[in-house]
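Asks: One structure, as structure tokens, below. Some questions next.
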Amino acid sequence: MKVVISPDSFKGTLTALEAAQAIERGIKQANTAIETLLLPVADGGEGTMEALVLATNGHNVKTTVLDPLGREIEASFGVLGNESTCVIEMASASGITLLHNNERNPRIASSFGTGQLIQTALDQGYRDFIICIGGSATNDAGVGMLRALGLRLLDEYGQDVQMAIDGLYDVNRLDFTNWDTRLKDSTIAIACDVNNPLVGENGATAVFGPQKGVKADEVHYFDQALTHWANVVERQLGIRLHDYKGAGAAGGMGGALIAFLQGKFHQGIELVLNVMNYREKIQDAQVIITGEGKSDRQTLHGKAPMGVLDCANNLGIPTILISGNIDDQDKLILGQYFHDIASVVNDSISVDMAMREASKYLSQRAYETIKRFID
């Protein structure tokens, strides 16, 4: 029997690869004769680069960039096995996990480091990009990235505005004199499952700002700053980002990639599975196991396990969901789609225990689940 193991990351505990390895150990404990194929996946957020590099036998390139607060850190971008496609995770340079909770400061947090990753890749000759924009710490409309790529934001006196949310209010015009013209010859695929507009009640700040540190009484101020920015972009480029679907992703990074880099949106998991040639690799499997840190009804809307399930269903392969935590009411909903469902957290394993020894308990749950399937 062949089992394909395709979890997403168990955020806060295990990477997708580590989760796949833990599941594999449980399966081998049940029956060493079972053939396993590890194909960890991602939905366009953190872990996407690792999944794609692993699946295509690519490699990572390390470089030094500035983190959201302007400190030098080491970050990486991935190069796929075709040696021509570059994968950049915004979270690697501008991610919220790079900051301690008490460091979150969206007034000054910048996406500059993500622009540095793109520029380094351009310097090394890459022109085909997959940019994953989940997990950002920023609410800067992507202007940090644009500045790293040569754009100047000038006030009414022709001076550079300050690199903070306050500076967006002062932008009068855009100066492309130093813009990196190599971007004209590049293709940008944006891996993103968010379709929020840039501004308004469903915009970048109102929906995602609070988790990045925007206080309730600051939401309007931030939103108006992004609105002013969008007005300048519309006036100078003729592109209206205010209500453009996806422009509000990653604190407005989606809008910057659309307007300035001519990026095209792709649902994260679909892009990942296509690049992996996933459908071809699973054709002879008897069962597929997927999972994530927490599964609930949101899993049904573009999350990695559903992408895996759709591929498996097309080939008539049963799919099992093993996740870190699934509430009882969500088990009823998800049970309508998956062949079997298992939660690491249960009556005997608490959330704290599952977090502290994630690999151990995930292996245990995989052992029990595959035994049920075999029997």
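Ordered as shown in the structure tokens, chains take letters A, B, and onward, while each chain numbers its residues from 1 and ligands are numbered from 1 in the order shown.
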Set the distance at 9 Å and use only C-alpha atoms: which residues neighbour Lys360 of chain A once local chain neighbours fewer than 4 positions away are removed? I'd like the list as a list in words.

Replies: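 Skipping anything fewer than 4 positions along the chain leaves Ala22, Gly26, Ala354, Gln364 and Arg365 of chain A.
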
Asks: I'd like the contact shell of Ile133 of chain A - 9 Å cut-off, only C-alpha atoms, skipping same-chain residues fewer than 2 positions apart - returned as a list in words.

Replies: Gly44, Gly45, Glu46, Ile88, Glu89, Met90, Ala91, Ile131, Gly135, Ser136, Ile190, Ala191, Cys192, Ala249, Ala250, Met253 and Gly254 of chain A

Asks: What are the nearest atom pairs, with distances in Å to one decimal, for all residues of segment 89-118 of chain A that come at most 12 Å from segment 215-223 of chain A, using only C-alpha atoms, set out by chain and rising residue number as a tab-separated table?

Replies:
residue	atom	partner	partner_atom	distance
A:Arg104	CA	A:Lys215	CA	11.1
A:Asn105	CA	A:Lys215	CA	10.2
A:Pro106	CA	A:Phe222	CA	9.2
A:Arg107	CA	A:Phe222	CA	8.4
A:Ile108	CA	A:Phe222	CA	11.6

Asks: Among segment 45-278 of chain A, which residues does DSSP mark as helix (DSSP H, G or I) when it is run on the backbone? Keep the chain and numbering as in the structure and answer as an MDAnalysis selection string.

Replies: chainID A and resid 48:55 90:94 96:98 101:103 112:123 143:148 165:168 181:185 204:212 216:237 249:261 268:276 278

Asks: Would you please work out which residue, of A:Gly238, A:Gly58, A:Pro7, A:Gly47, is nearest to Ile320 of chain A when using only C-alpha atoms?

Replies: A:Pro7
